Structure formats: C-alpha cells, structure tokens
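Chemist: Structure supplied as entry_34.cif; contents: mmCIF, N, CA and C atoms.
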data_target
loop_
_atom_site.label_atom_id
_atom_site.label_comp_id
_atom_site.auth_asym_id
_atom_site.auth_seq_id
_atom_site.Cartn_x
_atom_site.Cartn_y
_atom_site.Cartn_z
N MET A 189 16.01 -4.01 15.54
CA MET A 189 14.63 -4.14 15.95
C MET A 189 14.19 -5.60 15.74
N SER A 190 13.53 -6.15 16.72
CA SER A 190 13.11 -7.55 16.63
C SER A 190 11.81 -7.67 15.83
N PRO A 191 11.61 -8.82 15.19
CA PRO A 191 10.38 -9.01 14.41
C PRO A 191 9.17 -9.05 15.35
N PRO A 192 7.99 -8.70 14.83
CA PRO A 192 6.80 -8.71 15.68
C PRO A 192 6.46 -10.13 16.15
N THR A 193 5.89 -10.21 17.33
CA THR A 193 5.44 -11.50 17.86
C THR A 193 4.17 -11.92 17.13
N PRO A 194 3.78 -13.20 17.22
CA PRO A 194 2.53 -13.62 16.60
C PRO A 194 1.32 -12.81 17.09
N LEU A 195 1.31 -12.46 18.38
CA LEU A 195 0.19 -11.66 18.89
C LEU A 195 0.22 -10.25 18.31
N GLU A 196 1.40 -9.68 18.18
CA GLU A 196 1.51 -8.35 17.56
C GLU A 196 1.06 -8.39 16.11
N ASN A 197 1.36 -9.50 15.42
CA ASN A 197 0.92 -9.64 14.02
C ASN A 197 -0.60 -9.64 13.89
N LEU A 198 -1.30 -10.07 14.95
CA LEU A 198 -2.76 -10.12 14.93
C LEU A 198 -3.40 -8.82 15.39
N SER A 199 -2.57 -7.86 15.80
CA SER A 199 -3.13 -6.59 16.26
C SER A 199 -2.99 -5.54 15.17
N GLY A 200 -3.63 -4.44 15.38
CA GLY A 200 -3.61 -3.35 14.41
C GLY A 200 -5.01 -2.96 14.04
N PRO A 201 -5.14 -2.01 13.14
CA PRO A 201 -6.45 -1.46 12.79
C PRO A 201 -7.48 -2.51 12.33
N SER A 202 -7.04 -3.48 11.56
CA SER A 202 -8.00 -4.48 11.06
C SER A 202 -7.75 -5.86 11.67
N GLY A 203 -6.95 -5.91 12.72
CA GLY A 203 -6.59 -7.19 13.32
C GLY A 203 -7.61 -7.70 14.31
N SER A 204 -7.41 -8.93 14.74
CA SER A 204 -8.30 -9.58 15.70
C SER A 204 -7.99 -9.19 17.14
N LEU A 205 -6.84 -8.55 17.34
CA LEU A 205 -6.43 -8.14 18.68
C LEU A 205 -6.13 -6.64 18.69
N LYS A 206 -6.31 -6.07 19.88
CA LYS A 206 -5.96 -4.68 20.10
C LYS A 206 -4.98 -4.63 21.27
N ALA A 207 -3.84 -3.98 21.08
CA ALA A 207 -2.89 -3.83 22.17
C ALA A 207 -3.52 -2.96 23.25
N GLU A 208 -3.45 -3.45 24.48
CA GLU A 208 -4.00 -2.71 25.62
C GLU A 208 -3.26 -3.19 26.87
N PRO A 209 -2.74 -2.28 27.65
CA PRO A 209 -1.98 -2.70 28.83
C PRO A 209 -2.80 -3.63 29.73
N PRO A 210 -2.14 -4.61 30.32
CA PRO A 210 -2.84 -5.51 31.25
C PRO A 210 -3.42 -4.73 32.42
N ASP A 211 -4.55 -5.21 32.92
CA ASP A 211 -5.21 -4.61 34.09
C ASP A 211 -5.30 -5.71 35.15
N ALA A 212 -4.54 -5.56 36.22
CA ALA A 212 -4.46 -6.60 37.25
C ALA A 212 -5.83 -6.94 37.84
N ALA A 213 -6.66 -5.94 38.06
CA ALA A 213 -7.99 -6.20 38.64
C ALA A 213 -8.87 -6.99 37.67
N GLU A 214 -8.80 -6.64 36.39
CA GLU A 214 -9.57 -7.37 35.38
C GLU A 214 -9.11 -8.82 35.29
N ILE A 215 -7.81 -9.01 35.27
CA ILE A 215 -7.25 -10.37 35.17
C ILE A 215 -7.63 -11.19 36.39
N ALA A 216 -7.56 -10.59 37.58
CA ALA A 216 -7.95 -11.29 38.81
C ALA A 216 -9.42 -11.68 38.77
N GLY A 217 -10.26 -10.79 38.26
CA GLY A 217 -11.69 -11.09 38.14
C GLY A 217 -11.95 -12.22 37.17
N LEU A 218 -11.24 -12.23 36.05
CA LEU A 218 -11.40 -13.31 35.07
C LEU A 218 -10.94 -14.64 35.65
N LEU A 219 -9.84 -14.63 36.39
CA LEU A 219 -9.36 -15.85 37.04
C LEU A 219 -10.36 -16.35 38.07
N ARG A 220 -10.92 -15.43 38.84
CA ARG A 220 -11.90 -15.80 39.87
C ARG A 220 -13.16 -16.42 39.24
N THR A 221 -13.73 -15.73 38.26
CA THR A 221 -14.95 -16.26 37.65
C THR A 221 -14.67 -17.53 36.86
N GLY A 222 -13.52 -17.60 36.21
CA GLY A 222 -13.17 -18.82 35.47
C GLY A 222 -13.00 -20.01 36.40
N SER A 223 -12.31 -19.81 37.50
CA SER A 223 -12.09 -20.89 38.47
C SER A 223 -13.40 -21.35 39.10
N THR A 224 -14.24 -20.39 39.46
CA THR A 224 -15.54 -20.73 40.08
C THR A 224 -16.41 -21.52 39.11
N ARG A 225 -16.52 -21.05 37.90
CA ARG A 225 -17.34 -21.75 36.90
C ARG A 225 -16.78 -23.13 36.59
N LEU A 226 -15.47 -23.22 36.51
CA LEU A 226 -14.85 -24.52 36.25
C LEU A 226 -15.15 -25.50 37.38
N ASN A 227 -15.04 -25.05 38.60
CA ASN A 227 -15.37 -25.89 39.75
C ASN A 227 -16.84 -26.32 39.70
N ASP A 228 -17.74 -25.39 39.41
CA ASP A 228 -19.17 -25.71 39.34
C ASP A 228 -19.47 -26.70 38.21
N ALA A 229 -18.71 -26.61 37.12
CA ALA A 229 -18.95 -27.49 35.97
C ALA A 229 -18.70 -28.96 36.30
N THR A 230 -17.95 -29.22 37.34
CA THR A 230 -17.66 -30.61 37.71
C THR A 230 -18.79 -31.26 38.51
N SER A 231 -19.82 -30.49 38.86
CA SER A 231 -20.92 -31.01 39.67
C SER A 231 -21.82 -31.92 38.83
N ALA A 232 -21.82 -33.20 39.16
CA ALA A 232 -22.63 -34.18 38.43
C ALA A 232 -24.12 -34.01 38.68
N THR A 233 -24.50 -33.18 39.65
CA THR A 233 -25.93 -32.97 39.93
C THR A 233 -26.57 -32.01 38.93
N LEU A 234 -25.74 -31.29 38.16
CA LEU A 234 -26.26 -30.36 37.17
C LEU A 234 -26.53 -31.07 35.85
N ALA A 235 -27.43 -30.49 35.07
CA ALA A 235 -27.70 -31.01 33.73
C ALA A 235 -26.43 -30.90 32.88
N LEU A 236 -26.26 -31.83 31.96
CA LEU A 236 -25.07 -31.86 31.11
C LEU A 236 -24.90 -30.55 30.34
N GLU A 237 -25.99 -29.99 29.83
CA GLU A 237 -25.92 -28.73 29.09
C GLU A 237 -25.46 -27.59 30.00
N SER A 238 -25.88 -27.60 31.25
CA SER A 238 -25.44 -26.58 32.20
C SER A 238 -23.96 -26.72 32.50
N ARG A 239 -23.51 -27.95 32.66
CA ARG A 239 -22.09 -28.20 32.90
C ARG A 239 -21.25 -27.74 31.71
N PHE A 240 -21.75 -28.01 30.50
CA PHE A 240 -21.06 -27.56 29.28
C PHE A 240 -20.96 -26.04 29.27
N ASP A 241 -22.07 -25.37 29.54
CA ASP A 241 -22.11 -23.91 29.53
C ASP A 241 -21.12 -23.33 30.56
N LEU A 242 -21.13 -23.88 31.75
CA LEU A 242 -20.21 -23.42 32.79
C LEU A 242 -18.75 -23.65 32.39
N ALA A 243 -18.45 -24.83 31.88
CA ALA A 243 -17.07 -25.15 31.50
C ALA A 243 -16.61 -24.30 30.31
N TYR A 244 -17.50 -24.10 29.33
CA TYR A 244 -17.13 -23.27 28.18
C TYR A 244 -16.84 -21.84 28.62
N ASN A 245 -17.72 -21.29 29.43
CA ASN A 245 -17.52 -19.91 29.89
C ASN A 245 -16.31 -19.78 30.81
N ALA A 246 -16.03 -20.83 31.58
CA ALA A 246 -14.81 -20.85 32.39
C ALA A 246 -13.59 -20.82 31.49
N ALA A 247 -13.58 -21.68 30.48
CA ALA A 247 -12.44 -21.73 29.55
C ALA A 247 -12.25 -20.38 28.86
N HIS A 248 -13.35 -19.77 28.45
CA HIS A 248 -13.24 -18.48 27.78
C HIS A 248 -12.66 -17.42 28.71
N ALA A 249 -13.15 -17.36 29.94
CA ALA A 249 -12.65 -16.37 30.91
C ALA A 249 -11.15 -16.58 31.17
N LEU A 250 -10.75 -17.83 31.32
CA LEU A 250 -9.34 -18.13 31.60
C LEU A 250 -8.45 -17.81 30.40
N CYS A 251 -8.91 -18.13 29.21
CA CYS A 251 -8.13 -17.82 28.00
C CYS A 251 -8.06 -16.31 27.79
N LEU A 252 -9.14 -15.61 28.11
CA LEU A 252 -9.13 -14.15 28.02
C LEU A 252 -8.14 -13.58 29.03
N ALA A 253 -8.10 -14.13 30.23
CA ALA A 253 -7.13 -13.67 31.23
C ALA A 253 -5.70 -13.83 30.70
N ALA A 254 -5.42 -14.95 30.05
CA ALA A 254 -4.08 -15.18 29.49
C ALA A 254 -3.75 -14.14 28.44
N LEU A 255 -4.70 -13.82 27.59
CA LEU A 255 -4.48 -12.82 26.54
C LEU A 255 -4.30 -11.44 27.14
N ARG A 256 -5.10 -11.11 28.15
CA ARG A 256 -4.98 -9.80 28.81
C ARG A 256 -3.63 -9.66 29.52
N LYS A 257 -3.14 -10.77 30.10
CA LYS A 257 -1.82 -10.73 30.75
C LYS A 257 -0.72 -10.37 29.75
N LYS A 258 -0.92 -10.75 28.50
CA LYS A 258 0.07 -10.45 27.45
C LYS A 258 -0.10 -9.04 26.87
N GLY A 259 -1.16 -8.33 27.31
CA GLY A 259 -1.35 -6.96 26.86
C GLY A 259 -2.19 -6.80 25.61
N PHE A 260 -3.14 -7.71 25.42
CA PHE A 260 -4.02 -7.62 24.25
C PHE A 260 -5.47 -7.85 24.65
N ARG A 261 -6.38 -7.24 23.87
CA ARG A 261 -7.81 -7.43 24.04
C ARG A 261 -8.35 -7.96 22.71
N PRO A 262 -9.22 -8.99 22.75
CA PRO A 262 -9.73 -9.58 21.49
C PRO A 262 -10.89 -8.77 20.91
N SER A 263 -11.06 -8.89 19.60
CA SER A 263 -12.21 -8.28 18.95
C SER A 263 -13.35 -9.29 18.78
N ASN A 264 -13.05 -10.58 19.04
CA ASN A 264 -14.10 -11.61 18.98
C ASN A 264 -13.77 -12.71 20.00
N ARG A 265 -14.76 -13.51 20.33
CA ARG A 265 -14.61 -14.55 21.36
C ARG A 265 -13.59 -15.62 20.97
N TYR A 266 -13.62 -15.99 19.72
CA TYR A 266 -12.87 -17.15 19.25
C TYR A 266 -11.36 -16.99 19.36
N ILE A 267 -10.87 -15.77 19.15
CA ILE A 267 -9.43 -15.56 19.09
C ILE A 267 -8.72 -15.93 20.39
N VAL A 268 -9.41 -15.88 21.52
CA VAL A 268 -8.75 -16.23 22.78
C VAL A 268 -8.31 -17.69 22.78
N PHE A 269 -9.05 -18.55 22.08
CA PHE A 269 -8.67 -19.96 21.98
C PHE A 269 -7.54 -20.15 20.97
N GLN A 270 -7.64 -19.46 19.85
CA GLN A 270 -6.61 -19.56 18.81
C GLN A 270 -5.26 -19.07 19.31
N ALA A 271 -5.26 -18.14 20.24
CA ALA A 271 -4.03 -17.53 20.73
C ALA A 271 -3.32 -18.37 21.80
N LEU A 272 -3.92 -19.44 22.27
CA LEU A 272 -3.34 -20.23 23.36
C LEU A 272 -1.88 -20.66 23.14
N PRO A 273 -1.48 -21.05 21.94
CA PRO A 273 -0.06 -21.40 21.77
C PRO A 273 0.86 -20.22 22.07
N HIS A 274 0.37 -18.99 21.88
CA HIS A 274 1.19 -17.79 22.05
C HIS A 274 1.03 -17.16 23.43
N THR A 275 -0.08 -17.43 24.11
CA THR A 275 -0.28 -16.86 25.44
C THR A 275 0.22 -17.79 26.53
N LEU A 276 -0.05 -19.09 26.39
CA LEU A 276 0.31 -20.05 27.44
C LEU A 276 1.15 -21.22 26.95
N GLY A 277 1.46 -21.25 25.66
CA GLY A 277 2.25 -22.35 25.12
C GLY A 277 1.51 -23.67 25.06
N LEU A 278 0.17 -23.62 25.05
CA LEU A 278 -0.62 -24.85 25.00
C LEU A 278 -0.85 -25.26 23.55
N GLY A 279 -0.81 -26.57 23.32
CA GLY A 279 -0.88 -27.10 21.97
C GLY A 279 -2.27 -27.48 21.51
N PRO A 280 -2.32 -28.16 20.38
CA PRO A 280 -3.58 -28.51 19.75
C PRO A 280 -4.46 -29.44 20.58
N GLU A 281 -3.86 -30.21 21.49
CA GLU A 281 -4.68 -31.10 22.33
C GLU A 281 -5.61 -30.30 23.22
N VAL A 282 -5.30 -29.03 23.45
CA VAL A 282 -6.17 -28.15 24.25
C VAL A 282 -7.04 -27.29 23.34
N TRP A 283 -6.41 -26.55 22.42
CA TRP A 283 -7.21 -25.60 21.65
C TRP A 283 -8.16 -26.25 20.66
N ARG A 284 -7.88 -27.47 20.23
CA ARG A 284 -8.84 -28.15 19.34
C ARG A 284 -10.13 -28.51 20.07
N VAL A 285 -10.00 -28.92 21.33
CA VAL A 285 -11.19 -29.19 22.14
C VAL A 285 -11.99 -27.90 22.31
N LEU A 286 -11.30 -26.81 22.62
CA LEU A 286 -11.97 -25.53 22.82
C LEU A 286 -12.60 -25.02 21.53
N ASP A 287 -11.94 -25.26 20.40
CA ASP A 287 -12.50 -24.90 19.10
C ASP A 287 -13.81 -25.66 18.85
N LEU A 288 -13.78 -26.96 19.07
CA LEU A 288 -14.98 -27.78 18.88
C LEU A 288 -16.10 -27.28 19.79
N CYS A 289 -15.77 -26.99 21.02
CA CYS A 289 -16.78 -26.54 21.98
C CYS A 289 -17.31 -25.15 21.62
N HIS A 290 -16.46 -24.31 21.06
CA HIS A 290 -16.92 -23.00 20.61
C HIS A 290 -17.98 -23.16 19.52
N ASN A 291 -17.72 -24.07 18.59
CA ASN A 291 -18.69 -24.31 17.52
C ASN A 291 -19.99 -24.90 18.07
N LYS A 292 -19.88 -25.82 19.03
CA LYS A 292 -21.08 -26.40 19.65
C LYS A 292 -21.86 -25.32 20.40
N ARG A 293 -21.13 -24.46 21.10
CA ARG A 293 -21.77 -23.37 21.84
C ARG A 293 -22.53 -22.46 20.88
N ASN A 294 -21.93 -22.12 19.73
CA ASN A 294 -22.59 -21.25 18.77
C ASN A 294 -23.86 -21.90 18.21
N LEU A 295 -23.79 -23.19 17.92
CA LEU A 295 -24.99 -23.88 17.43
C LEU A 295 -26.09 -23.84 18.48
N GLY A 296 -25.74 -24.02 19.73
CA GLY A 296 -26.72 -23.97 20.80
C GLY A 296 -27.27 -22.59 21.03
N GLU A 297 -26.41 -21.58 21.01
CA GLU A 297 -26.83 -20.20 21.28
C GLU A 297 -27.64 -19.61 20.14
N TYR A 298 -27.22 -19.86 18.90
CA TYR A 298 -27.82 -19.17 17.76
C TYR A 298 -28.81 -20.00 16.97
N GLU A 299 -28.76 -21.33 17.12
CA GLU A 299 -29.66 -22.18 16.35
C GLU A 299 -30.45 -23.15 17.21
N GLY A 300 -30.25 -23.10 18.52
CA GLY A 300 -30.98 -23.98 19.43
C GLY A 300 -30.62 -25.45 19.30
N MET A 301 -29.45 -25.73 18.78
CA MET A 301 -29.03 -27.13 18.55
C MET A 301 -27.91 -27.50 19.51
N MET A 302 -28.24 -27.72 20.77
CA MET A 302 -27.23 -28.09 21.76
C MET A 302 -27.06 -29.59 21.74
N ASP A 303 -25.92 -30.02 21.23
CA ASP A 303 -25.62 -31.45 21.08
C ASP A 303 -24.31 -31.75 21.80
N VAL A 304 -24.42 -32.03 23.10
CA VAL A 304 -23.22 -32.35 23.89
C VAL A 304 -23.42 -33.69 24.57
N ASP A 305 -22.31 -34.36 24.82
CA ASP A 305 -22.36 -35.63 25.54
C ASP A 305 -21.35 -35.59 26.69
N THR A 306 -21.38 -36.61 27.51
CA THR A 306 -20.53 -36.65 28.69
C THR A 306 -19.05 -36.57 28.31
N ARG A 307 -18.65 -37.25 27.27
CA ARG A 307 -17.24 -37.24 26.84
C ARG A 307 -16.79 -35.83 26.48
N LEU A 308 -17.62 -35.10 25.74
CA LEU A 308 -17.26 -33.75 25.34
C LEU A 308 -17.13 -32.84 26.56
N VAL A 309 -18.06 -32.93 27.48
CA VAL A 309 -18.01 -32.10 28.69
C VAL A 309 -16.77 -32.45 29.52
N THR A 310 -16.47 -33.73 29.63
CA THR A 310 -15.27 -34.17 30.35
C THR A 310 -14.01 -33.61 29.69
N ASP A 311 -13.94 -33.68 28.36
CA ASP A 311 -12.78 -33.16 27.64
C ASP A 311 -12.68 -31.64 27.77
N LEU A 312 -13.81 -30.96 27.75
CA LEU A 312 -13.84 -29.51 27.90
C LEU A 312 -13.33 -29.11 29.29
N ILE A 313 -13.81 -29.79 30.32
CA ILE A 313 -13.35 -29.51 31.68
C ILE A 313 -11.85 -29.74 31.80
N ALA A 314 -11.36 -30.83 31.22
CA ALA A 314 -9.92 -31.13 31.26
C ALA A 314 -9.11 -30.05 30.54
N ALA A 315 -9.60 -29.58 29.39
CA ALA A 315 -8.90 -28.53 28.65
C ALA A 315 -8.88 -27.23 29.46
N ALA A 316 -10.00 -26.89 30.06
CA ALA A 316 -10.06 -25.67 30.88
C ALA A 316 -9.14 -25.78 32.10
N GLN A 317 -9.05 -26.96 32.67
CA GLN A 317 -8.14 -27.17 33.81
C GLN A 317 -6.69 -26.99 33.37
N ARG A 318 -6.35 -27.44 32.18
CA ARG A 318 -4.99 -27.25 31.66
C ARG A 318 -4.69 -25.75 31.50
N VAL A 319 -5.67 -25.00 31.04
CA VAL A 319 -5.50 -23.55 30.90
C VAL A 319 -5.28 -22.93 32.28
N LEU A 320 -6.08 -23.32 33.26
CA LEU A 320 -5.95 -22.77 34.60
C LEU A 320 -4.57 -23.08 35.20
N ILE A 321 -4.13 -24.31 35.04
CA ILE A 321 -2.81 -24.70 35.56
C ILE A 321 -1.71 -23.88 34.89
N ALA A 322 -1.80 -23.71 33.58
CA ALA A 322 -0.79 -22.93 32.88
C ALA A 322 -0.81 -21.47 33.33
N LEU A 323 -1.98 -20.94 33.59
CA LEU A 323 -2.10 -19.56 34.08
C LEU A 323 -1.48 -19.39 35.46
N GLN A 324 -1.58 -20.40 36.27
CA GLN A 324 -1.09 -20.33 37.65
C GLN A 324 0.41 -20.59 37.74
N SER A 325 1.00 -21.07 36.67
CA SER A 325 2.45 -21.33 36.65
C SER A 325 3.20 -20.01 36.57
N PRO A 326 4.36 -19.95 37.22
CA PRO A 326 5.15 -18.71 37.09
C PRO A 326 5.57 -18.50 35.64
N ASP A 327 5.60 -17.24 35.24
CA ASP A 327 5.97 -16.91 33.84
C ASP A 327 7.33 -17.34 33.57
#
Please express the file's structure as structure tokens.
Modeler:
Amino acid sequence: MSPPTPLENLSGPSGSLKAEPPDAAEIAGLLRTGSTRLNDATSATLALESRFDLAYNAAHALCLAALRKKGFRPSNRYIVFQALPHTLGLGPEVWRVLDLCHNKRNLGEYEGMMDVDTRLVTDLIAAAQRVLIALQSPD
C-alpha cells in the first residue's frame, strides 16, 4: 500500500479537505468564471480595488478548480492556495502572492481596510495567470 498523498493527509474528519469525486460541470464553471474575472481584472478603466477583487476571485476559482480536479473539496477558502504545490506543482512565487492577497482581501472584507497598490494587483494577475496556464496544461 502506498503512503497517503499530501492532499489525502489534509482530508478526513477534522481535515481541511474532504474527498469528493471531481464534477466536470463544476470544474468547467469554475474555469469559465475564473477566466472571465481574470480577463476583466486587466481592464485599466476599472478602479484598482475592483481589479483586485476580480483578480482575487479569479485566482480563488481557478485554484478551487485545480483542487476539485484532484478529487477534493476545501473546508475553507485559504486551503486552495496552500494546496497549489500539490494540485498544480506551483511554487512559492505563486502561492505567496496569493497568500498575501488573501490576507489583504480579509482586511478589506471584514475590517474595511482595503490597502492595495498597482504592483500588488499586477502581481496578483500574474499569479492567477500562472494558475490558469497550469490548469490548461495536459496532466
């Protein structure tokens, strides 16, 4: 018997993930909404905060699609970013940006402290694009 994968180690009764068979329609919907939001986030005519929101939600949808393709459902938003090395083989140059943006998003959503700049939004869009490219690559 082979040892459990890192994603399997995170699943179980008290884990951050729940094993659930992939659903092609769900994954296609996440890819569609993630791609659309990511494209919209590049529009310089939108407010910076709107671009951040679109790019963050695009990244989340795309990372969730990657996790669902592997047969897992998260119990919280954050785990989809932490799982990137195991779902798509992406390293810290991607998930650290997404981690930072997750924290910024929470401050904005729960404390009204939205503090984003052009560099952060540009880095977020680039990280989300890396996720999309990895998702579109053959397994």
Chemist: In terms of the shortest atom-to-atom distance over only N, CA and C atoms, which of A:Arg265, A:His290, A:Leu295, A:Ser223 is closest to Leu320 of chain A?
Modeler: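 Smallest separation from Leu320 of chain A among the options: A:Ser223.
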Chemist: Give me the result of the PyMOL selection byres ((chain A and resi 218) around 8) on this file, residue by residue, as a list of chain:residue names.
Modeler: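 That selection, the PyMOL selection byres ((chain A and resi 218) around 8), comes back as A:Ala212, A:Ala213, A:Glu214, A:Ile215, A:Ala216, A:Gly217, A:Leu219, A:Arg220, A:Thr221, A:Gly222, A:Ser223, A:Thr224, A:Ala246, A:His248, A:Ala249, A:Leu250, A:Cys251, A:Leu252, A:Ala253, A:Ala254.
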Chemist: As an exercise, work out the distance from atom N of Tyr244 of chain A to atom CA of Ser325 of chain A in Å and give it to one decimal place.
Modeler: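 Pair atom N of Tyr244 of chain A / atom CA of Ser325 of chain A returns 21.4 Å.
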Chemist: Using all atoms listed in the file, which residues of segment 231-298 of chain A come within 6.5 Å of segment 313-317 of chain A, and what is the closest atom pair for each, with the distance in Å to one decimal? Give it as CSV, sorted by chain and residue number.
Modeler:
residue,atom,partner,partner_atom,distance
A:Ala243,CA,A:Ile313,CA,5.7
A:Ala246,C,A:Ala316,CA,6.0
A:Ala247,CA,A:Ala316,CA,4.8
A:Val282,CA,A:Ala315,CA,5.2
Chemist: Exactly which residues make up the result of the PyMOL selection byres ((chain A and resi 275) around 8) on this file, given as a ChimeraX atom specification?
Modeler: /A:195,254-258,270-274,276-278,322
Chemist: Might I get the box with edges along x, y and z of the file that holds all atoms of segment 230-237 of chain A listed there, padded by 5 Å on every side, given as centre and edge lengths in Å to one decimal, as lines of an AutoDock Vina configuration file?
Modeler:
center_x = -22.7
center_y = -30.9
center_z = 34.5
size_x = 20.0
size_y = 16.6
size_z = 20.8
Chemist: My list of candidates is A:Gly259, A:Ser190, A:Thr230, A:Arg318. Which is closest to Pro210 of chain A when distances are computed with all atoms listed in the file?
Modeler: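 Smallest separation from Pro210 of chain A among the options: A:Gly259.
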Chemist: I'd like the interatomic distance between atom N of Asp228 of chain A and atom C of Asp241 of chain A, to a tenth of an Å.
Modeler: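 Computing it gives 9.7 Å between the two atoms.
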Chemist: Counting only C-alpha atoms, what is within 12 Å of segment 291-294 of chain A, bar same-chain residues fewer than 2 positions away, as an MDAnalysis selection string?
Modeler: chainID A and resid 237:238 240:245 248 265:266 269 284:289 296:305 308:309 312
Chemist: Within chain A, find each residue whose DSSP state, derived from the backbone, is strand (DSSP E), and express the selection as a ChimeraX atom specification.
Modeler: /A:205-207,260-262
Chemist: Can you tell me how far atom CA of Gly203 of chain A sits from atom C of Arg261 of chain A, in Å to one decimal?
Modeler: 9.6 Å
Chemist: Write out as a PyMOL selection string the set of residues from chain A that DSSP, computed on the backbone, places in alpha helix (DSSP H).
Modeler: chain A and resi 194-197+212-229+236-257+267-270+272-275+280-299+306-324
Chemist: If you apply the PyMOL selection byres (((chain A and resi 199-202 and name CA) around 12) and name CA) to this file, what residues do you get, as a list in words?
Modeler: Pro192, Thr193, Pro194, Leu195, Glu196, Asn197, Leu198, Gly203, Ser204, Leu205, Lys206, Ala207, Glu208, Gly259, Phe260, Arg261, Pro262, Ser263, Ile267 and Ala271 of chain A
Chemist: Any idea what's packed within 5 Å of Ala229 of chain A, counting all atoms listed in the file, ignoring anything in its chain fewer than 3 positions away? Could you give it as a list of chain:residue names?
Modeler: A:Arg225, A:Leu226, A:Arg239, A:Ala243
Chemist: How about saving the chosen residues, N, CA and C atoms kept, as a PDB file, keeping the file's coordinate frame?
Modeler:
ATOM      1  N   ARG A 225     -16.520 -21.050  37.900  1.00  0.00           N
ATOM      2  CA  ARG A 225     -17.340 -21.750  36.900  1.00  0.00           C
ATOM      3  C   ARG A 225     -16.780 -23.130  36.590  1.00  0.00           C
ATOM      4  N   LEU A 226     -15.470 -23.220  36.510  1.00  0.00           N
ATOM      5  CA  LEU A 226     -14.850 -24.520  36.250  1.00  0.00           C
ATOM      6  C   LEU A 226     -15.150 -25.500  37.380  1.00  0.00           C
ATOM      7  N   ARG A 239     -23.510 -27.950  32.660  1.00  0.00           N
ATOM      8  CA  ARG A 239     -22.090 -28.200  32.900  1.00  0.00           C
ATOM      9  C   ARG A 239     -21.250 -27.740  31.710  1.00  0.00           C
ATOM     10  N   ALA A 243     -18.450 -24.830  31.880  1.00  0.00           N
ATOM     11  CA  ALA A 243     -17.070 -25.150  31.500  1.00  0.00           C
ATOM     12  C   ALA A 243     -16.610 -24.300  30.310  1.00  0.00           C
TER      13      ALA A 243
END
Chemist: Missing atoms in segment 306-311 of chain A: can you complete it with all heavy atoms, as a PDB file, in the frame of the given file?
Modeler:
ATOM      1  N   THR A 306     -21.380 -36.610  27.510  1.00  0.00           N
ATOM      2  CA  THR A 306     -20.530 -36.650  28.690  1.00  0.00           C
ATOM      3  C   THR A 306     -19.050 -36.570  28.310  1.00  0.00           C
ATOM      4  O   THR A 306     -18.281 -35.856  28.961  1.00  0.00           O
ATOM      5  CB  THR A 306     -20.807 -37.934  29.502  1.00  0.00           C
ATOM      6  OG1 THR A 306     -22.191 -37.953  29.850  1.00  0.00           O
ATOM      7  CG2 THR A 306     -19.975 -37.985  30.758  1.00  0.00           C
ATOM      8  N   ARG A 307     -18.650 -37.250  27.270  1.00  0.00           N
ATOM      9  CA  ARG A 307     -17.240 -37.240  26.840  1.00  0.00           C
ATOM     10  C   ARG A 307     -16.790 -35.830  26.480  1.00  0.00           C
ATOM     11  O   ARG A 307     -15.700 -35.378  26.866  1.00  0.00           O
ATOM     12  CB  ARG A 307     -17.047 -38.200  25.666  1.00  0.00           C
ATOM     13  CG  ARG A 307     -15.682 -38.156  25.020  1.00  0.00           C
ATOM     14  CD  ARG A 307     -14.619 -38.660  26.006  1.00  0.00           C
ATOM     15  NE  ARG A 307     -13.291 -38.482  25.485  1.00  0.00           N
ATOM     16  CZ  ARG A 307     -12.589 -39.424  24.893  1.00  0.00           C
ATOM     17  NH1 ARG A 307     -13.086 -40.627  24.725  1.00  0.00           N
ATOM     18  NH2 ARG A 307     -11.384 -39.172  24.454  1.00  0.00           N
ATOM     19  N   LEU A 308     -17.620 -35.100  25.740  1.00  0.00           N
ATOM     20  CA  LEU A 308     -17.260 -33.750  25.340  1.00  0.00           C
ATOM     21  C   LEU A 308     -17.130 -32.840  26.560  1.00  0.00           C
ATOM     22  O   LEU A 308     -16.167 -32.066  26.670  1.00  0.00           O
ATOM     23  CB  LEU A 308     -18.288 -33.178  24.360  1.00  0.00           C
ATOM     24  CG  LEU A 308     -17.992 -31.758  23.872  1.00  0.00           C
ATOM     25  CD1 LEU A 308     -16.718 -31.737  23.032  1.00  0.00           C
ATOM     26  CD2 LEU A 308     -19.166 -31.229  23.071  1.00  0.00           C
ATOM     27  N   VAL A 309     -18.060 -32.930  27.480  1.00  0.00           N
ATOM     28  CA  VAL A 309     -18.010 -32.100  28.690  1.00  0.00           C
ATOM     29  C   VAL A 309     -16.770 -32.450  29.520  1.00  0.00           C
ATOM     30  O   VAL A 309     -16.076 -31.559  30.017  1.00  0.00           O
ATOM     31  CB  VAL A 309     -19.318 -32.219  29.498  1.00  0.00           C
ATOM     32  CG1 VAL A 309     -19.201 -31.504  30.841  1.00  0.00           C
ATOM     33  CG2 VAL A 309     -20.488 -31.651  28.699  1.00  0.00           C
ATOM     34  N   THR A 310     -16.470 -33.730  29.630  1.00  0.00           N
ATOM     35  CA  THR A 310     -15.270 -34.170  30.350  1.00  0.00           C
ATOM     36  C   THR A 310     -14.010 -33.610  29.690  1.00  0.00           C
ATOM     37  O   THR A 310     -13.102 -33.117  30.375  1.00  0.00           O
ATOM     38  CB  THR A 310     -15.219 -35.708  30.415  1.00  0.00           C
ATOM     39  OG1 THR A 310     -16.391 -36.175  31.087  1.00  0.00           O
ATOM     40  CG2 THR A 310     -13.984 -36.204  31.136  1.00  0.00           C
ATOM     41  N   ASP A 311     -13.940 -33.680  28.360  1.00  0.00           N
ATOM     42  CA  ASP A 311     -12.780 -33.160  27.640  1.00  0.00           C
ATOM     43  C   ASP A 311     -12.680 -31.640  27.770  1.00  0.00           C
ATOM     44  O   ASP A 311     -11.572 -31.101  27.902  1.00  0.00           O
ATOM     45  CB  ASP A 311     -12.853 -33.542  26.156  1.00  0.00           C
ATOM     46  CG  ASP A 311     -12.632 -35.021  25.912  1.00  0.00           C
ATOM     47  OD1 ASP A 311     -12.200 -35.743  26.846  1.00  0.00           O
ATOM     48  OD2 ASP A 311     -12.896 -35.464  24.772  1.00  0.00           O
TER      49      ASP A 311
END
